[in-house]
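Quick look at model.txt (compact mmCIF, C-alpha atoms):
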```
# COMPACT_ATOMS: atom_id res chain seq x y z
CA GLY T 1 4.38 158.45 274.94
CA SER T 2 1.98 155.77 273.78
CA ILE T 3 -1.25 153.97 274.68
CA VAL T 4 -1.63 150.20 274.25
CA GLY T 5 -4.48 147.82 274.94
CA LYS T 6 -6.85 145.24 273.55
CA VAL T 7 -10.49 145.23 272.44
CA ALA T 8 -12.72 142.18 272.95
CA TYR T 9 -16.31 141.03 273.42
CA ALA T 10 -17.40 139.38 276.68
CA ASP T 11 -16.87 135.92 275.16
CA GLY T 12 -13.27 136.72 274.25
CA SER T 13 -13.83 137.18 270.52
CA VAL T 14 -12.56 140.35 268.89
CA PRO T 15 -14.08 142.74 266.29
CA ALA T 16 -12.84 142.50 262.72
CA ALA T 17 -12.08 146.22 262.77
CA PHE T 18 -12.36 149.19 265.10
CA THR T 19 -11.33 152.82 265.31
CA ILE T 20 -9.87 154.75 268.23
CA SER T 21 -10.33 158.52 268.24
CA MET T 22 -8.21 160.61 270.58
CA GLY T 23 -10.55 163.58 270.22
CA GLY T 24 -10.05 167.33 270.10
CA ARG T 25 -6.74 168.75 269.01
CA ARG T 26 -4.71 165.94 270.58
CA GLY T 27 -4.99 163.46 267.75
CA ALA T 28 -6.91 162.02 264.83
CA SER T 29 -8.82 158.76 264.47
CA THR T 30 -6.77 155.60 263.97
CA PRO T 31 -8.30 152.46 262.39
CA PHE T 32 -7.19 148.98 263.48
CA SER T 33 -7.73 145.46 262.18
CA THR T 34 -5.82 142.87 264.21
CA LYS T 35 -6.34 139.16 264.85
CA ASP T 36 -6.15 139.54 268.63
CA GLY T 37 -7.81 142.98 269.01
CA ALA T 38 -4.58 144.59 270.18
CA PHE T 39 -3.76 148.21 269.45
CA ARG T 40 -0.98 150.72 270.00
CA ILE T 41 -1.10 154.48 269.46
CA GLY T 42 2.30 156.13 269.65
CA ASP T 43 3.93 159.54 269.33
CA LEU T 44 1.45 161.15 271.72
CA GLU T 45 2.19 164.38 273.52
CA PRO T 46 2.21 164.09 277.33
CA GLY T 47 -1.18 164.76 278.88
CA THR T 48 -4.55 163.26 279.76
CA TYR T 49 -6.58 161.56 277.04
CA GLU T 50 -10.13 160.16 276.83
CA PRO T 51 -10.00 157.89 273.78
CA ARG T 52 -13.26 156.91 272.06
CA LEU T 53 -13.73 153.43 270.64
CA SER T 54 -16.08 152.83 267.70
CA GLY T 55 -16.86 150.22 265.06
CA SER T 56 -19.65 149.01 262.80
CA GLY T 57 -20.62 145.97 264.86
CA PHE T 58 -20.62 147.16 268.48
CA GLN T 59 -21.69 150.01 270.73
CA GLU T 60 -19.45 153.04 270.82
CA SER T 61 -17.72 153.60 274.14
CA ARG T 62 -15.18 155.81 275.86
CA ILE T 63 -12.01 154.58 277.47
CA ALA T 64 -11.37 155.89 280.99
CA GLU T 65 -8.96 158.80 281.25
CA VAL T 66 -5.42 157.78 280.32
CA GLU T 67 -2.36 159.70 281.48
CA VAL T 68 0.40 159.69 278.88
CA VAL T 69 3.96 160.35 280.07
CA ALA T 70 6.83 161.18 277.73
CA GLY T 71 8.84 158.09 276.84
CA SER T 72 6.41 155.74 278.60
CA GLU T 73 3.75 153.25 277.51
CA SER T 74 0.30 153.44 279.14
CA ASP T 75 -1.48 150.06 279.13
CA VAL T 76 -5.29 150.31 279.39
CA GLY T 77 -5.73 146.53 279.46
CA THR T 78 -8.65 144.79 277.72
CA ILE T 79 -11.58 147.01 276.82
CA ALA T 80 -14.87 145.09 276.88
CA ILE T 81 -17.33 145.94 274.10
CA ALA T 82 -20.99 144.97 273.61
CA GLU T 83 -22.75 144.03 270.40
CA GLY T 84 -25.76 146.15 271.29
CA ARG T 85 -29.00 146.42 269.36
CA THR T 86 -29.46 145.28 265.75
CA LEU T 87 -31.97 146.70 263.26
CA ARG T 88 -32.96 144.78 260.12
CA GLY T 89 -35.30 145.94 257.40
CA SER T 90 -35.70 147.09 253.84
CA VAL T 91 -35.77 150.24 251.75
CA VAL T 92 -38.49 150.52 249.10
CA GLY T 93 -39.61 153.09 246.55
CA PRO T 94 -43.05 154.75 246.13
CA SER T 95 -44.49 151.61 244.50
CA GLY T 96 -42.90 149.20 246.95
CA GLU T 97 -39.96 148.28 244.71
CA ALA T 98 -36.66 147.38 246.36
CA ILE T 99 -34.10 150.20 246.41
CA GLU T 100 -30.44 149.28 246.17
CA ASN T 101 -27.57 151.47 247.44
CA ALA T 102 -29.74 153.58 249.72
CA THR T 103 -27.99 154.95 252.80
CA VAL T 104 -29.70 154.02 256.07
CA ILE T 105 -28.78 155.89 259.25
CA ALA T 106 -29.92 155.45 262.84
CA GLY T 107 -29.17 157.42 265.97
CA ALA T 108 -30.64 159.28 268.92
CA ARG T 109 -30.25 162.54 267.01
CA LEU T 110 -30.06 163.14 263.27
CA ARG T 111 -29.44 166.33 261.34
CA GLY T 112 -29.85 166.91 257.66
CA SER T 113 -29.25 169.34 254.87
CA GLY T 114 -31.08 169.66 251.61
CA THR T 115 -29.13 166.73 250.23
CA SER T 116 -28.05 164.39 253.03
CA THR T 117 -28.62 163.23 256.60
CA ALA T 118 -25.95 162.72 259.24
CA GLY T 119 -25.62 161.91 262.91
CA GLY T 120 -25.85 164.56 265.58
CA GLY T 121 -25.43 164.74 269.34
CA PHE T 122 -22.48 163.76 271.47
CA PRO T 123 -20.79 160.37 271.72
CA GLY T 124 -21.46 158.77 275.08
CA ARG T 125 -24.74 160.71 275.44
CA GLY T 126 -26.81 158.70 273.01
CA GLY T 127 -25.38 160.63 270.08
CA SER T 128 -23.61 157.71 268.39
CA THR T 129 -24.99 156.80 264.96
CA LYS T 130 -24.64 153.81 262.65
CA THR T 131 -25.01 153.67 258.87
CA ALA T 132 -25.56 150.89 256.35
CA THR T 133 -26.19 150.54 252.61
CA SER T 134 -29.13 148.57 251.24
CA ASP T 135 -28.34 145.59 249.00
CA ALA T 136 -29.89 144.51 245.68
CA GLU T 137 -33.02 143.31 247.52
CA GLY T 138 -33.26 146.61 249.39
CA THR T 139 -32.42 144.98 252.72
CA PHE T 140 -30.15 146.50 255.37
CA VAL T 141 -28.65 145.61 258.74
CA LEU T 142 -27.50 148.09 261.38
CA ARG T 143 -25.52 146.67 264.30
CA GLY T 144 -24.04 148.04 267.50
CA LEU T 145 -26.76 150.52 268.47
CA GLY T 146 -27.51 151.53 272.04
CA ALA T 147 -30.69 150.78 274.00
CA GLY T 148 -32.03 154.34 273.92
CA SER T 149 -34.74 155.71 271.63
CA LEU T 150 -33.70 155.94 267.98
CA ILE T 151 -34.55 157.74 264.76
CA VAL T 152 -34.04 155.72 261.57
CA ALA T 153 -34.09 157.19 258.06
CA ALA T 154 -33.02 156.25 254.54
CA GLU T 155 -32.06 158.28 251.49
CA HIS T 156 -30.86 157.79 247.92
CA GLU T 157 -29.23 160.40 245.73
CA SER T 158 -31.85 160.04 242.99
CA LYS T 159 -34.76 158.16 244.64
CA GLY T 160 -35.48 160.52 247.51
CA ARG T 161 -35.65 160.28 251.30
CA SER T 162 -37.83 158.36 253.74
CA ALA T 163 -39.91 159.78 256.54
CA PRO T 164 -38.12 159.26 259.88
CA LEU T 165 -39.01 156.10 261.79
CA ASN T 166 -39.11 156.47 265.57
CA LEU T 167 -38.14 153.49 267.71
CA ALA T 168 -38.74 153.42 271.46
CA ALA T 169 -35.94 152.71 273.89
CA SER T 170 -35.24 148.98 274.07
CA SER T 171 -32.38 146.52 274.41
CA GLU T 172 -34.12 144.17 271.99
CA SER T 173 -33.27 144.06 268.29
CA SER T 174 -35.86 144.94 265.63
CA GLU T 175 -36.77 143.02 262.48
CA GLY T 176 -38.91 143.83 259.46
CA LEU T 177 -38.49 147.61 259.44
CA GLN T 178 -39.52 149.27 256.19
CA LEU T 179 -38.40 152.68 254.99
CA GLN T 180 -40.18 154.07 251.92
CA LEU T 181 -38.41 156.68 249.84
CA LEU T 182 -40.39 159.66 248.60
CA ALA T 183 -39.44 162.83 246.77
CA PRO T 184 -38.36 165.41 249.38
CA GLY T 185 -40.52 168.47 249.92
CA VAL T 186 -39.46 172.10 249.76
CA ILE T 187 -40.02 175.00 252.17
CA GLU T 188 -39.55 178.44 250.69
CA GLY T 189 -39.74 181.88 252.22
CA VAL T 190 -37.96 185.17 252.86
CA VAL T 191 -36.15 186.20 256.04
CA ILE T 192 -36.81 189.83 256.92
CA LEU T 193 -34.58 191.92 259.19
CA ASP T 194 -35.53 195.54 259.95
CA GLY T 195 -37.95 195.53 257.05
CA ASN T 196 -35.38 194.30 254.51
CA PRO T 197 -34.44 190.87 253.19
CA ALA T 198 -31.70 189.44 255.42
CA ASP T 199 -28.53 188.29 253.71
CA SER T 200 -26.77 185.04 254.77
CA ALA T 201 -29.43 184.13 257.34
CA ARG T 202 -29.48 180.50 258.48
CA VAL T 203 -32.88 178.80 258.58
CA ARG T 204 -33.34 175.75 260.80
CA VAL T 205 -36.25 173.29 260.61
CA GLN T 206 -37.26 171.07 263.55
CA SER T 207 -39.40 167.99 262.93
CA GLN T 208 -42.62 167.99 264.92
CA ASP T 209 -42.87 164.19 264.73
CA SER T 210 -39.31 163.17 265.59
CA VAL T 211 -37.62 164.93 268.48
CA GLY T 212 -33.92 165.13 267.68
CA LEU T 213 -34.33 165.47 263.90
CA ASN T 214 -33.18 168.82 262.51
CA PHE T 215 -32.64 170.24 259.02
```
Using the file provided, produce a representation of the structure as structure tokens.
Amino acid sequence: GSIVGKVAYADGSVPAAFTISMGGRRGASTPFSTKDGAFRIGDLEPGTYEPRLSGSGFQESRIAEVEVVAGSESDVGTIAIAEGRTLRGSVVGPSGEAIENATVIAGARLRGSGTSTAGGGFPGRGGSTKTATSDAEGTFVLRGLGAGSLIVAAEHESKGRSAPLNLAASSESSEGLQLQLLAPGVIEGVVILDGNPADSARVRVQSQDSVGLNF
């Protein structure tokens, strides 16, 4: 079977691009870029699906449950999307110099490793994240964020990582944010189990300043 529909803003305009993820084992993510916002996903096994709609310029959303029947086309109609909250700011180095090609990420929950930061949480529960890359002047724009509280951070492969910036829940956009990159710190230690060093133990670090930020 197949699922067809259309994606549009409240004013009738359509996003330049969007992605529909079928989720789980039922299917992969499919990108679309159409003049009228129309989409079709075919060759689906019969069953119930909860597609997820995402894109760089609007809030992520879930499509209501869709029942797919073999040999039939399920039309979900026009899915309304919202532009959401926009964040604008700049990424600077230790001396205030503009940093180009830094990755900026914002979301309700972020998780990181020793080298990178990514989104965490669950889509539809405030877990959606957005990313952007700073330009030659160090400026960035993040669009399509929800109204909940957010954590914003920036990083560069050779310049370092910023401290997380906490933004309170709001439907209003934010201007003039500044993220300063600093060399990351290091935590070292030994995990002991039954008096002996533990092999392959996983160590997790929780930020005390930003709830929802884990490393």
Exercise for review: In the coordinate frame of the file, compute which residues have an atom within 9 Å of (-14.9, 158.1, 264.4) when using all atoms listed in the file, and state them as a list in words.
Suggested key: Thr19, Ile20, Ser21, Ala28, Ser29, Thr30, Pro31, Arg52, Leu53, Ser54 and Gly55 of chain T
Check your understanding: If you measure from atom CA of T:Glu73 to atom CA of T:Thr34, what distance in Å do you get, rounded to one decimal?
Key ->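 Separation of atom CA of T:Glu73 and atom CA of T:Thr34: 19.4 Å.
Atom CA of T:Ala8 to atom CA of T:Asp43 spans 24.3 Å [interatomic distance, one decimal].
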**Study point:** Closest of T:Gly12, T:Pro164, T:Gly146, T:Gly57 to T:Leu110 - atom-to-atom distances counting only C-alpha atoms
**Key:** T:Pro164
Point to revise | Proximity to T:Val91 - best of T:Gly176, T:Gly1, T:Gly185, T:Gly138, all atoms listed in the file | key: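 Of all the options, T:Gly138 lies closest to T:Val91.
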Practice item. Skip T:Glu155 itself and residues of its chain fewer than 2 positions away, then list as a ChimeraX atom specification all residues within 8 Å of it, counting only C-alpha atoms. Key: /T:102-104,116-117,153,157,159-162,181
Exercise for review: Please indicate the distance in Å from atom CA of T:Thr131 to atom CA of T:Ser149, rounded to one decimal place.
Suggested key: 16.2 Å
Exercise for review: Find the residue from T:Ala132, T:Ala169, T:Val205, T:Ala82 that sits nearest to T:Ile151; use only C-alpha atoms when measuring.
Suggested key: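 That would be T:Ala169, the residue with the smallest distance to T:Ile151.
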Check your understanding: Given the choices T:Ala168, T:Ala198, T:Leu177, T:Ile99, which gets closest to T:His156 if the distance is worked out from all atoms listed in the file?
Key ->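 Answer, going by the shortest atom-to-atom distance: T:Ile99.
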Exercise for review: Do a neighbour search on T:Val191 at 12 Å with all atoms listed in the file, toss out local chain neighbours closer than 4 positions, and write the hits as a ChimeraX atom specification.
Suggested key: /T:195-204
